[in-house]
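Dumped protein.txt below, it's compact mmCIF, C-alpha atoms (C1' of nucleotides):
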```
# COMPACT_ATOMS: atom_id res chain seq x y z
CA MET A 1 20.38 15.54 8.13
CA ALA A 2 23.03 13.90 6.07
CA ARG A 3 23.28 14.37 2.36
CA ILE A 4 21.99 11.21 0.80
CA PRO A 5 22.16 10.31 -2.91
CA ALA A 6 18.75 10.37 -4.55
CA GLU A 7 18.79 6.70 -5.51
CA GLN A 8 19.64 5.63 -2.02
CA ARG A 9 16.91 7.81 -0.60
CA ARG A 10 14.38 6.38 -3.00
CA HIS A 11 15.40 2.91 -1.97
CA ALA A 12 15.11 3.74 1.71
CA LEU A 13 11.64 5.16 1.15
CA VAL A 14 10.53 2.09 -0.77
CA GLN A 15 11.75 -0.10 2.08
CA ALA A 16 10.00 2.09 4.62
CA ALA A 17 6.81 1.92 2.56
CA LEU A 18 7.05 -1.86 2.50
CA ALA A 19 7.37 -1.93 6.26
CA VAL A 20 4.32 0.27 6.70
CA ILE A 21 2.27 -1.68 4.16
CA TYR A 22 3.27 -4.95 5.74
CA ARG A 23 2.17 -3.69 9.14
CA ASP A 24 -0.95 -1.69 8.33
CA GLY A 25 -1.87 -2.10 4.67
CA VAL A 26 -1.50 -0.05 1.51
CA ALA A 27 -4.07 2.52 2.62
CA ALA A 28 -1.96 3.30 5.69
CA ALA A 29 1.09 4.05 3.61
CA THR A 30 0.63 7.82 3.39
CA THR A 31 3.56 10.04 2.57
CA ARG A 32 3.66 11.04 6.23
CA THR A 33 3.70 7.55 7.72
CA VAL A 34 6.34 6.48 5.22
CA VAL A 35 8.71 9.36 5.90
CA ALA A 36 8.19 8.83 9.63
CA GLU A 37 9.14 5.19 9.17
CA ALA A 38 12.20 6.23 7.20
CA GLY A 39 13.11 8.99 9.62
CA MET A 40 12.97 11.69 6.98
CA SER A 41 11.12 14.90 6.47
CA LEU A 42 8.19 15.19 4.15
CA ALA A 43 10.13 17.52 1.89
CA SER A 44 12.84 14.94 1.41
CA PHE A 45 10.22 12.61 0.10
CA HIS A 46 9.09 15.06 -2.55
CA TYR A 47 12.64 15.79 -3.45
CA VAL A 48 13.06 12.28 -4.84
CA PHE A 49 9.47 11.30 -5.63
CA ASP A 50 6.97 13.40 -7.54
CA SER A 51 4.00 11.89 -5.80
CA ARG A 52 2.76 9.17 -3.51
CA ASP A 53 1.54 7.28 -6.57
CA GLU A 54 5.06 7.16 -7.90
CA LEU A 55 6.24 5.67 -4.62
CA ILE A 56 3.57 2.98 -4.60
CA ARG A 57 4.42 2.12 -8.18
CA GLU A 58 8.07 1.75 -7.27
CA VAL A 59 7.07 -0.43 -4.32
CA ILE A 60 5.13 -2.76 -6.58
CA ALA A 61 7.90 -2.84 -9.15
CA ALA A 62 10.37 -3.68 -6.39
CA ILE A 63 8.17 -6.53 -5.19
CA VAL A 64 7.91 -7.95 -8.67
CA GLU A 65 11.66 -7.87 -9.10
CA ASP A 66 12.40 -9.37 -5.72
CA VAL A 67 9.78 -12.05 -5.37
CA GLU A 68 11.76 -14.83 -3.91
CA VAL A 69 9.41 -17.72 -3.87
CA ALA A 70 9.85 -20.11 -1.02
CA ALA A 71 11.52 -22.68 -3.13
CA SER A 72 13.29 -25.14 -0.96
CA LEU A 73 12.47 -28.71 -1.75
CA SER A 74 13.60 -31.29 0.72
CA LEU A 75 15.20 -33.28 -1.99
CA GLU A 76 15.84 -36.70 -0.58
CA PRO A 77 16.63 -39.31 -3.19
CA GLY A 78 14.74 -42.53 -2.79
CA ARG A 79 11.43 -40.83 -2.12
CA ASP A 80 8.83 -41.43 -4.76
CA ILE A 81 7.52 -38.49 -6.74
CA ALA A 82 4.32 -38.04 -4.73
CA GLU A 83 6.31 -37.82 -1.55
CA THR A 84 8.78 -35.37 -3.03
CA VAL A 85 6.04 -33.12 -4.38
CA ARG A 86 4.20 -33.32 -1.09
CA ASN A 87 7.30 -32.27 0.81
CA GLY A 88 7.77 -29.36 -1.54
CA LEU A 89 4.19 -28.22 -1.07
CA ARG A 90 4.54 -28.59 2.67
CA ALA A 91 7.61 -26.40 2.66
CA TYR A 92 5.71 -23.79 0.71
CA MET A 93 2.79 -23.99 3.11
CA LEU A 94 5.05 -23.60 6.13
CA HIS A 95 6.52 -20.52 4.53
CA VAL A 96 3.06 -19.01 4.15
CA GLN A 97 1.99 -19.97 7.64
CA ALA A 98 5.15 -18.53 9.13
CA ASP A 99 4.33 -15.09 7.78
CA PRO A 100 0.70 -14.73 6.71
CA MET A 101 0.75 -10.95 6.58
CA ARG A 102 3.41 -11.08 3.92
CA GLU A 103 0.94 -12.90 1.69
CA VAL A 104 -1.80 -10.45 2.53
CA MET A 105 0.55 -7.65 1.60
CA LEU A 106 1.42 -9.29 -1.71
CA ASN A 107 -2.28 -9.73 -2.47
CA GLU A 108 -2.98 -6.10 -1.67
CA LEU A 109 -0.22 -4.89 -3.91
CA MET A 110 -1.35 -7.14 -6.72
CA ASN A 111 -4.90 -5.86 -6.43
CA HIS A 112 -3.55 -2.35 -6.48
CA ALA A 113 -1.59 -3.11 -9.62
CA LEU A 114 -4.63 -4.68 -11.28
CA ARG A 115 -6.57 -1.46 -10.83
CA ASP A 116 -3.84 0.78 -12.20
CA PRO A 117 -3.53 0.57 -16.00
CA GLU A 118 0.04 1.72 -15.69
CA LEU A 119 0.85 -1.26 -13.46
CA ALA A 120 -1.42 -3.91 -14.88
CA HIS A 121 1.45 -5.57 -16.72
CA LEU A 122 3.48 -6.18 -13.57
CA PRO A 123 1.47 -9.12 -12.22
CA GLN A 124 2.10 -10.87 -15.52
CA ILE A 125 5.83 -10.55 -15.02
CA GLN A 126 5.49 -11.82 -11.48
CA TYR A 127 3.51 -14.84 -12.59
CA ARG A 128 6.07 -15.60 -15.24
CA ILE A 129 8.63 -15.77 -12.46
CA TYR A 130 6.38 -18.00 -10.39
CA ARG A 131 5.98 -20.35 -13.29
CA ARG A 132 9.70 -20.53 -13.98
CA THR A 133 10.37 -21.27 -10.33
CA ALA A 134 7.73 -23.97 -10.41
CA ALA A 135 9.29 -25.47 -13.52
CA THR A 136 12.70 -25.62 -11.91
CA LEU A 137 11.31 -27.29 -8.81
CA LEU A 138 9.31 -29.80 -10.79
CA GLU A 139 12.35 -30.76 -12.81
CA LEU A 140 14.41 -31.20 -9.68
CA ALA A 141 11.69 -33.25 -8.06
CA ALA A 142 11.40 -35.50 -11.07
CA ALA A 143 15.14 -36.00 -11.25
CA VAL A 144 15.42 -36.89 -7.59
CA SER A 145 12.58 -39.36 -7.77
CA GLY A 146 13.73 -40.97 -10.97
CA VAL A 147 10.77 -39.99 -13.09
CA ARG A 148 9.94 -37.64 -15.92
CA TRP A 149 6.78 -35.67 -16.53
CA ASN A 150 4.73 -36.85 -19.49
CA ARG A 151 3.23 -33.42 -20.06
CA PRO A 152 4.90 -30.26 -21.36
CA MET A 153 6.92 -28.61 -18.65
CA ASP A 154 5.18 -25.25 -18.90
CA GLU A 155 1.80 -26.90 -18.49
CA MET A 156 2.98 -28.73 -15.40
CA ALA A 157 4.51 -25.55 -14.05
CA HIS A 158 1.33 -23.57 -14.57
CA LEU A 159 -0.67 -26.27 -12.84
CA PHE A 160 1.74 -26.28 -9.94
CA ALA A 161 1.83 -22.50 -9.61
CA THR A 162 -1.95 -22.34 -9.80
CA PHE A 163 -2.25 -24.85 -7.03
CA THR A 164 0.20 -23.16 -4.69
CA ASP A 165 -1.62 -19.88 -5.30
CA GLY A 166 -4.86 -21.49 -4.26
CA LEU A 167 -3.20 -23.13 -1.31
CA SER A 168 -2.02 -19.88 0.21
CA LEU A 169 -5.15 -17.88 -0.58
CA THR A 170 -7.44 -20.56 0.81
CA TRP A 171 -5.40 -20.95 3.95
CA LEU A 172 -5.35 -17.19 4.48
CA GLY A 173 -9.11 -17.36 4.37
CA ASP A 174 -9.89 -20.47 6.37
CA ARG A 175 -6.73 -20.86 8.52
CA ASP A 176 -7.35 -24.58 8.47
CA ASP A 177 -3.94 -26.22 8.87
CA GLU A 178 -5.20 -29.76 8.72
CA ALA A 179 -7.32 -29.21 5.66
CA ALA A 180 -4.30 -27.68 3.93
CA GLU A 181 -2.22 -30.69 4.87
CA ARG A 182 -4.77 -33.15 3.51
CA THR A 183 -5.24 -31.08 0.35
CA ILE A 184 -1.49 -31.12 -0.20
CA GLU A 185 -1.47 -34.86 0.26
CA LEU A 186 -4.24 -35.33 -2.30
CA ALA A 187 -2.70 -32.93 -4.78
CA ALA A 188 0.67 -34.62 -4.56
CA LEU A 189 -0.92 -37.98 -5.24
CA ALA A 190 -3.10 -36.67 -8.04
CA VAL A 191 -0.32 -34.87 -9.85
CA SER A 192 1.79 -38.00 -9.80
CA VAL A 193 -0.37 -39.39 -12.59
CA PHE A 194 1.79 -37.34 -14.89
CA ALA A 195 5.04 -38.89 -13.71
CA VAL A 196 6.45 -41.91 -15.46
CA PRO A 197 9.54 -43.91 -14.53
CA ILE A 198 12.49 -42.51 -16.34
CA GLU A 199 13.41 -45.79 -18.03
CA GLN A 200 10.27 -46.63 -19.93
CA PRO A 201 9.03 -44.01 -22.42
CA ALA A 202 5.39 -44.70 -21.56
CA ASP A 203 2.37 -42.64 -22.55
CA PRO A 204 -0.28 -43.13 -19.88
CA VAL A 205 -3.49 -41.35 -18.86
CA MET B 1 -36.28 13.57 0.24
CA ALA B 2 -38.63 10.74 1.00
CA ARG B 3 -38.79 9.17 4.38
CA ILE B 4 -37.03 5.85 4.13
CA PRO B 5 -36.93 3.13 6.78
CA ALA B 6 -33.52 2.78 8.36
CA GLU B 7 -33.02 -0.81 7.26
CA GLN B 8 -33.85 0.01 3.69
CA ARG B 9 -31.49 2.96 3.75
CA ARG B 10 -28.71 0.85 5.14
CA HIS B 11 -29.27 -1.67 2.39
CA ALA B 12 -29.23 1.00 -0.29
CA LEU B 13 -25.97 2.38 1.08
CA VAL B 14 -24.38 -1.06 1.15
CA GLN B 15 -25.39 -1.58 -2.47
CA ALA B 16 -24.03 1.83 -3.41
CA ALA B 17 -20.79 1.04 -1.61
CA LEU B 18 -20.50 -2.21 -3.54
CA ALA B 19 -20.96 -0.33 -6.79
CA VAL B 20 -18.22 2.15 -5.88
CA ILE B 21 -15.85 -0.53 -4.65
CA TYR B 22 -16.45 -2.58 -7.77
CA ARG B 23 -15.67 0.39 -9.95
CA ASP B 24 -12.82 2.08 -8.08
CA GLY B 25 -11.73 -0.06 -5.14
CA VAL B 26 -12.24 -0.04 -1.39
CA ALA B 27 -10.10 3.05 -0.88
CA ALA B 28 -12.40 5.04 -3.17
CA ALA B 29 -15.45 4.16 -1.12
CA THR B 30 -15.50 7.27 1.05
CA THR B 31 -18.67 8.30 2.81
CA ARG B 32 -19.04 11.06 0.27
CA THR B 33 -18.65 8.94 -2.86
CA VAL B 34 -21.03 6.37 -1.45
CA VAL B 35 -23.80 8.80 -0.62
CA ALA B 36 -23.33 10.40 -4.03
CA GLU B 37 -23.76 6.97 -5.61
CA ALA B 38 -26.87 6.38 -3.52
CA GLY B 39 -28.24 9.87 -4.17
CA MET B 40 -28.36 10.75 -0.51
CA SER B 41 -26.96 13.43 1.71
CA LEU B 42 -24.00 12.83 3.97
CA ALA B 43 -26.17 13.35 7.04
CA SER B 44 -28.50 10.56 5.96
CA PHE B 45 -25.53 8.27 5.95
CA HIS B 46 -24.67 9.08 9.54
CA TYR B 47 -28.28 8.76 10.52
CA VAL B 48 -28.15 5.01 9.83
CA PHE B 49 -24.42 4.27 10.16
CA ASP B 50 -22.19 5.34 13.00
CA SER B 51 -19.09 5.38 10.85
CA ARG B 52 -17.55 4.46 7.54
CA ASP B 53 -16.00 1.45 9.21
CA GLU B 54 -19.42 0.18 10.12
CA LEU B 55 -20.49 0.49 6.49
CA ILE B 56 -17.49 -1.40 5.19
CA ARG B 57 -18.08 -4.12 7.75
CA GLU B 58 -21.65 -4.43 6.61
CA VAL B 59 -20.49 -4.58 3.01
CA ILE B 60 -18.16 -7.45 3.81
CA ALA B 61 -20.79 -9.26 5.84
CA ALA B 62 -23.22 -8.86 2.94
CA ILE B 63 -20.69 -10.33 0.52
CA VAL B 64 -20.10 -13.30 2.77
CA GLU B 65 -23.82 -13.98 3.00
CA ASP B 66 -24.47 -13.57 -0.67
CA VAL B 67 -21.52 -15.28 -2.27
CA GLU B 68 -23.15 -17.14 -5.01
CA VAL B 69 -20.43 -19.23 -6.45
CA ALA B 70 -20.65 -19.84 -10.13
CA ALA B 71 -21.89 -23.34 -9.73
CA SER B 72 -23.38 -24.54 -12.93
CA LEU B 73 -22.06 -27.83 -14.07
CA SER B 74 -22.91 -28.90 -17.53
CA LEU B 75 -24.11 -32.22 -16.28
CA GLU B 76 -24.33 -34.45 -19.28
CA PRO B 77 -24.65 -38.10 -18.39
CA GLY B 78 -22.38 -40.39 -20.35
CA ARG B 79 -19.34 -38.12 -19.92
CA ASP B 80 -16.58 -39.64 -17.88
CA ILE B 81 -15.62 -38.00 -14.62
CA ALA B 82 -12.58 -36.15 -15.98
CA GLU B 83 -14.71 -34.59 -18.67
CA THR B 84 -17.44 -33.62 -16.22
CA VAL B 85 -14.98 -32.04 -13.81
CA ARG B 86 -13.26 -30.25 -16.64
CA ASN B 87 -16.54 -28.81 -17.86
CA GLY B 88 -17.31 -27.62 -14.37
CA LEU B 89 -13.95 -25.92 -14.03
CA ARG B 90 -14.38 -24.36 -17.44
CA ALA B 91 -17.73 -22.93 -16.41
CA TYR B 92 -16.11 -21.46 -13.32
CA MET B 93 -13.30 -20.00 -15.36
CA LEU B 94 -15.71 -18.42 -17.84
CA HIS B 95 -17.51 -16.84 -14.93
CA VAL B 96 -14.27 -15.30 -13.69
CA GLN B 97 -13.22 -14.14 -17.13
CA ALA B 98 -16.60 -12.58 -17.76
CA ASP B 99 -16.20 -10.26 -14.80
CA PRO B 100 -12.61 -10.01 -13.56
CA MET B 101 -13.18 -6.90 -11.49
CA ARG B 102 -15.69 -8.74 -9.39
CA GLU B 103 -12.91 -11.10 -8.35
CA VAL B 104 -10.56 -8.23 -7.69
CA MET B 105 -13.24 -6.66 -5.51
CA LEU B 106 -13.76 -9.89 -3.58
CA ASN B 107 -10.01 -10.15 -3.04
CA GLU B 108 -9.83 -6.58 -1.81
CA LEU B 109 -12.65 -7.10 0.64
CA MET B 110 -11.12 -10.30 1.91
CA ASN B 111 -7.79 -8.58 2.47
CA HIS B 112 -9.61 -5.84 4.29
CA ALA B 113 -11.32 -8.39 6.51
CA LEU B 114 -8.04 -10.15 7.22
CA ARG B 115 -6.58 -6.94 8.59
CA ASP B 116 -9.53 -6.13 10.81
CA PRO B 117 -9.65 -8.32 13.93
CA GLU B 118 -13.37 -7.71 14.13
CA LEU B 119 -13.85 -9.15 10.64
CA ALA B 120 -11.18 -11.81 10.56
CA HIS B 121 -13.71 -14.55 11.16
CA LEU B 122 -15.76 -13.72 8.07
CA PRO B 123 -13.44 -15.21 5.47
CA GLN B 124 -13.68 -18.48 7.36
CA ILE B 125 -17.44 -18.46 6.96
CA GLN B 126 -17.06 -17.66 3.30
CA TYR B 127 -14.66 -20.49 2.76
CA ARG B 128 -16.97 -22.88 4.54
CA ILE B 129 -19.60 -21.93 1.98
CA TYR B 130 -17.14 -22.42 -0.88
CA ARG B 131 -16.33 -25.86 0.40
CA ARG B 132 -19.94 -26.88 0.77
CA THR B 133 -20.65 -25.71 -2.76
CA ALA B 134 -17.68 -27.67 -3.99
CA ALA B 135 -18.89 -30.74 -2.16
CA THR B 136 -22.31 -30.51 -3.74
CA LEU B 137 -20.83 -30.13 -7.19
CA LEU B 138 -18.42 -33.00 -6.74
CA GLU B 139 -21.23 -35.27 -5.62
CA LEU B 140 -23.32 -34.31 -8.59
CA ALA B 141 -20.41 -34.83 -10.94
CA ALA B 142 -19.70 -38.25 -9.52
CA ALA B 143 -23.32 -39.29 -9.76
CA VAL B 144 -23.63 -38.16 -13.35
CA SER B 145 -20.47 -39.95 -14.38
CA GLY B 146 -21.25 -43.13 -12.51
CA VAL B 147 -18.37 -43.00 -10.07
CA ARG B 148 -17.78 -42.35 -6.43
CA TRP B 149 -14.88 -40.56 -4.76
CA ASN B 150 -12.63 -42.81 -2.75
CA ARG B 151 -11.56 -40.00 -0.43
CA PRO B 152 -13.60 -38.24 2.23
CA MET B 153 -15.92 -35.71 0.69
CA ASP B 154 -14.65 -32.77 2.72
CA GLU B 155 -11.09 -33.49 1.64
CA MET B 156 -12.13 -33.60 -1.99
CA ALA B 157 -14.14 -30.42 -1.56
CA HIS B 158 -11.24 -28.59 0.02
CA LEU B 159 -8.95 -29.71 -2.77
CA PHE B 160 -11.45 -28.55 -5.35
CA ALA B 161 -12.06 -25.20 -3.67
CA THR B 162 -8.34 -24.63 -3.30
CA PHE B 163 -7.79 -25.29 -6.95
CA THR B 164 -10.55 -22.97 -8.16
CA ASP B 165 -9.18 -20.27 -5.88
CA GLY B 166 -5.78 -20.66 -7.48
CA LEU B 167 -7.30 -20.74 -10.91
CA SER B 168 -8.98 -17.36 -10.57
CA LEU B 169 -6.13 -15.66 -8.76
CA THR B 170 -3.55 -16.89 -11.23
CA TRP B 171 -5.63 -15.88 -14.20
CA LEU B 172 -6.22 -12.44 -12.72
CA GLY B 173 -2.46 -12.12 -12.55
CA ASP B 174 -1.33 -13.61 -15.84
CA ARG B 175 -4.49 -13.26 -18.00
CA ASP B 176 -3.37 -16.35 -19.87
CA ASP B 177 -6.54 -17.98 -21.17
CA GLU B 178 -4.81 -20.87 -22.84
CA ALA B 179 -2.67 -21.71 -19.85
CA ALA B 180 -5.79 -21.72 -17.70
CA GLU B 181 -7.49 -24.07 -20.13
CA ARG B 182 -4.58 -26.49 -20.13
CA THR B 183 -4.27 -26.33 -16.36
CA ILE B 184 -7.96 -27.15 -16.06
CA GLU B 185 -7.47 -30.08 -18.38
CA LEU B 186 -4.58 -31.43 -16.33
CA ALA B 187 -6.33 -30.89 -13.03
CA ALA B 188 -9.45 -32.67 -14.21
CA LEU B 189 -7.38 -35.64 -15.31
CA ALA B 190 -5.31 -35.68 -12.14
CA VAL B 191 -8.24 -35.47 -9.78
CA SER B 192 -9.89 -38.37 -11.51
CA VAL B 193 -7.47 -40.71 -9.79
CA PHE B 194 -9.79 -40.46 -6.82
CA ALA B 195 -12.84 -41.60 -8.75
CA VAL B 196 -13.75 -45.27 -8.91
CA PRO B 197 -16.58 -46.90 -10.83
CA ILE B 198 -19.64 -47.06 -8.68
CA GLU B 199 -20.05 -50.84 -8.97
CA GLN B 200 -16.79 -52.10 -7.60
CA PRO B 201 -15.88 -51.00 -4.05
CA ALA B 202 -12.23 -50.62 -4.94
CA ASP B 203 -9.49 -49.02 -2.87
CA PRO B 204 -6.83 -47.72 -5.24
CA VAL B 205 -3.92 -45.31 -4.97
C1' DG C 1 19.84 19.10 -0.44
C1' DT C 2 17.41 19.38 3.52
C1' DC C 3 14.65 21.56 6.53
C1' DT C 4 10.17 24.00 8.75
C1' DA C 5 6.02 26.10 7.69
C1' DT C 6 2.01 26.30 5.14
C1' DA C 7 -1.20 26.13 1.32
C1' DA C 8 -5.21 23.71 -0.58
C1' DG C 9 -8.25 20.26 -0.50
C1' DG C 10 -10.57 15.85 1.00
C1' DA C 11 -11.83 13.06 4.73
C1' DG C 12 -15.09 11.60 8.77
C1' DA C 13 -18.35 13.18 11.65
C1' DT C 14 -21.68 16.56 13.88
C1' DA C 15 -24.80 20.81 14.73
C1' DG C 16 -28.83 22.69 14.20
C1' DA C 17 -32.56 24.35 11.02
C1' DC C 18 -36.66 22.56 9.02
C1' DG D 1 -35.89 12.06 9.34
C1' DT D 2 -33.62 14.76 6.28
C1' DC D 3 -31.25 18.55 4.97
C1' DT D 4 -27.25 22.33 4.56
C1' DA D 5 -23.47 24.17 6.76
C1' DT D 6 -19.53 23.50 9.39
C1' DC D 7 -15.87 21.61 12.52
C1' DT D 8 -11.67 19.23 12.84
C1' DC D 9 -8.29 16.48 11.30
C1' DC D 10 -5.38 14.44 7.95
C1' DT D 11 -3.73 14.28 3.32
C1' DT D 12 -0.69 15.60 -0.76
C1' DA D 13 2.19 18.83 -2.31
C1' DT D 14 4.86 23.22 -2.39
C1' DA D 15 7.31 27.63 -0.76
C1' DG D 16 11.07 29.52 0.89
C1' DA D 17 14.70 29.80 4.57
C1' DC D 18 19.18 27.86 5.42
```
This structure in structure tokens:
Amino acid sequence: MARIPAEQRRHALVQAALAVIYRDGVAAATTRTVVAEAGMSLASFHYVFDSRDELIREVIAAIVEDVEVAASLSLEPGRDIAETVRNGLRAYMLHVQADPMREVMLNELMNHALRDPELAHLPQIQYRIYRRTAATLLELAAAVSGVRWNRPMDEMAHLFATFTDGLSLTWLGDRDDEAAERTIELAALAVSVFAVPIEQPADPV
Amino acid sequence: MARIPAEQRRHALVQAALAVIYRDGVAAATTRTVVAEAGMSLASFHYVFDSRDELIREVIAAIVEDVEVAASLSLEPGRDIAETVRNGLRAYMLHVQADPMREVMLNELMNHALRDPELAHLPQIQYRIYRRTAATLLELAAAVSGVRWNRPMDEMAHLFATFTDGLSLTWLGDRDDEAAERTIELAALAVSVFAVPIEQPADPV
DNA sequence: GTCTATAAGGAGATAGAC
DNA sequence: GTCTATCTCCTTATAGAC
């Protein structure tokens, strides 16, 4: 076969591993299934990776770097904050429902990381990213709806990220579309307690 | 070795499997490690189980039946509803923090179930139990704090269960005790919008 | 650098003695 | 019913030709 730079080969193997894990789970991602997916020989694998463990670690690191959270708010001015938040949560939910196995895969890889002392720090990085994404979205939502949050932004972001986490995990378990929709509705209403009109510097709750 | 009834042997093997999975993950629960944990021979395993798959299925079914959710509310009358809910969420959080690997194990087993068509229905049962537990707790909390919920109980329960799910998963990932505490505080306050004093049949929001 | 061939061991499952 | 011994397959990883 062609002479491929080591870095490129590593990348191709990581991508192949992701495809296998997505399809059949982490356990199914043996060196053999991965090289088959990548169209390589087993020896080529060991030329660029010392071991299967090293591959899995690179897979998890790649996931952490690339987590693109479904972060499209339908930002229509004129909507009140509850409506804007609800629309954002709905968009997130649709993203999960459109590709459930992606979430299962992410959960599997996180569990794997949590059991490997060498990887245990990676989920923390990932959750930092989640939180920052949440913060950005919450700021946008507030701006569009003409409110501000009367709680520290990082607290609001953590609340929001926690809730979306629960939303996807619970739906993966119960597959109850309507319950998810109603829960989103309630959460959007509830979280609006922390929004105050941007004019008056109130201090409610 | 002693002559053990098949049912009892199956049970012992399921318990041994749980111990192994708790310690080292589902992947580590091979027939050999499990029988070693149970102090049996490999043949004894296959005398009562057709295959490893059957064992893992029984393990997951056992988990679903036995899920005892940490459901102790510190129910002190006189506390307002936000405080009561917050105390309940704190108790749940303490339970998770006291034994993180138990949660990791539950996540692993759920992921496993989600990938096995024969087991895919089990998480739904489990989540039905979660919801019913949540409903019971929310009713108790309301009673103790002299309020009622102005939303359907099953909606409130699903919201509550979703949030606790997110709480544990997020904490497993970020291990941020203080953020969890603040998120609990905010959630308890937010969810209180749906509580109305028990005297007046109001209809807010 | 990339390949085929193979070593070395772990896995699930069974045979057959007791 | 329970055991030891074994079959067969699959795994990770390496050797050595090209």
Dump as CSV the rows for residues of chain B within 9 Å of chain D: closest atom pair and distance in Å with one decimal, all atoms listed in the file counted, ordered by chain and rising residue number.
```
residue,atom,partner,partner_atom,distance
B:Met1,CA,D:DT2,C1',6.7
B:Ala2,CA,D:DT2,C1',8.3
B:Arg3,CA,D:DG1,C1',6.4
B:Ile4,CA,D:DG1,C1',8.2
B:Ser41,CA,D:DC3,C1',7.4
B:Ala43,CA,D:DC3,C1',7.6
B:Ser44,CA,D:DT2,C1',6.6
B:Tyr47,CA,D:DG1,C1',8.4
```
Can I get the selected residues back with C-alpha atoms, as a PDB file, in the coordinates of the input?
```
ATOM      1  CA  MET B   1     -36.280  13.570   0.240  1.00  0.00           C
ATOM      2  CA  ALA B   2     -38.630  10.740   1.000  1.00  0.00           C
ATOM      3  CA  ARG B   3     -38.790   9.170   4.380  1.00  0.00           C
ATOM      4  CA  ILE B   4     -37.030   5.850   4.130  1.00  0.00           C
ATOM      5  CA  SER B  41     -26.960  13.430   1.710  1.00  0.00           C
ATOM      6  CA  ALA B  43     -26.170  13.350   7.040  1.00  0.00           C
ATOM      7  CA  SER B  44     -28.500  10.560   5.960  1.00  0.00           C
ATOM      8  CA  TYR B  47     -28.280   8.760  10.520  1.00  0.00           C
TER       9      TYR B  47
END
```
Could you list the residues in chain B lying within 9 Å of chain A, using all atoms listed in the file, and format the result as a PyMOL selection string?
chain B and resi 24-25+27+101+104-105+107-108+110-112+114-115+120-128+151+154-156+158-176+179-180+182-184+186-187+189-194+205
Could those selected residues go to a file with C-alpha atoms, as a compact mmCIF listing (two decimals), in the coordinates of the input?
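As a result, part.txt now contains:
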```txt
# COMPACT_ATOMS: atom_id res chain seq x y z
CA ASP B 24 -12.82 2.08 -8.08
CA GLY B 25 -11.73 -0.06 -5.14
CA ALA B 27 -10.10 3.05 -0.88
CA MET B 101 -13.18 -6.90 -11.49
CA VAL B 104 -10.56 -8.23 -7.69
CA MET B 105 -13.24 -6.66 -5.51
CA ASN B 107 -10.01 -10.15 -3.04
CA GLU B 108 -9.83 -6.58 -1.81
CA MET B 110 -11.12 -10.30 1.91
CA ASN B 111 -7.79 -8.58 2.47
CA HIS B 112 -9.61 -5.84 4.29
CA LEU B 114 -8.04 -10.15 7.22
CA ARG B 115 -6.58 -6.94 8.59
CA ALA B 120 -11.18 -11.81 10.56
CA HIS B 121 -13.71 -14.55 11.16
CA LEU B 122 -15.76 -13.72 8.07
CA PRO B 123 -13.44 -15.21 5.47
CA GLN B 124 -13.68 -18.48 7.36
CA ILE B 125 -17.44 -18.46 6.96
CA GLN B 126 -17.06 -17.66 3.30
CA TYR B 127 -14.66 -20.49 2.76
CA ARG B 128 -16.97 -22.88 4.54
CA ARG B 151 -11.56 -40.00 -0.43
CA ASP B 154 -14.65 -32.77 2.72
CA GLU B 155 -11.09 -33.49 1.64
CA MET B 156 -12.13 -33.60 -1.99
CA HIS B 158 -11.24 -28.59 0.02
CA LEU B 159 -8.95 -29.71 -2.77
CA PHE B 160 -11.45 -28.55 -5.35
CA ALA B 161 -12.06 -25.20 -3.67
CA THR B 162 -8.34 -24.63 -3.30
CA PHE B 163 -7.79 -25.29 -6.95
CA THR B 164 -10.55 -22.97 -8.16
CA ASP B 165 -9.18 -20.27 -5.88
CA GLY B 166 -5.78 -20.66 -7.48
CA LEU B 167 -7.30 -20.74 -10.91
CA SER B 168 -8.98 -17.36 -10.57
CA LEU B 169 -6.13 -15.66 -8.76
CA THR B 170 -3.55 -16.89 -11.23
CA TRP B 171 -5.63 -15.88 -14.20
CA LEU B 172 -6.22 -12.44 -12.72
CA GLY B 173 -2.46 -12.12 -12.55
CA ASP B 174 -1.33 -13.61 -15.84
CA ARG B 175 -4.49 -13.26 -18.00
CA ASP B 176 -3.37 -16.35 -19.87
CA ALA B 179 -2.67 -21.71 -19.85
CA ALA B 180 -5.79 -21.72 -17.70
CA ARG B 182 -4.58 -26.49 -20.13
CA THR B 183 -4.27 -26.33 -16.36
CA ILE B 184 -7.96 -27.15 -16.06
CA LEU B 186 -4.58 -31.43 -16.33
CA ALA B 187 -6.33 -30.89 -13.03
CA LEU B 189 -7.38 -35.64 -15.31
CA ALA B 190 -5.31 -35.68 -12.14
CA VAL B 191 -8.24 -35.47 -9.78
CA SER B 192 -9.89 -38.37 -11.51
CA VAL B 193 -7.47 -40.71 -9.79
CA PHE B 194 -9.79 -40.46 -6.82
CA VAL B 205 -3.92 -45.31 -4.97
```
Find the residues of chain B in contact range of chain C, meaning any atom within 8 Å when counting all atoms listed in the file, and list them as a ChimeraX atom specification.
/B:30-31,46,51-52
At a cut-off of 10 Å, using all atoms listed in the file, what residues contact Asn87 in chain B? Leave out same-chain residues fewer than 3 positions from it and give the result as a ChimeraX atom specification.
/B:72-76,79,81-84,90-93,141,184-185,188
So how many Å separate CA of Leu94 in chain A and CA of Leu106 in chain B, to one decimal?
25.2 Å
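With CA of Arg10 in chain A on one side and CA of Glu54 in chain A on the other, the separation reads 10.6 Å.
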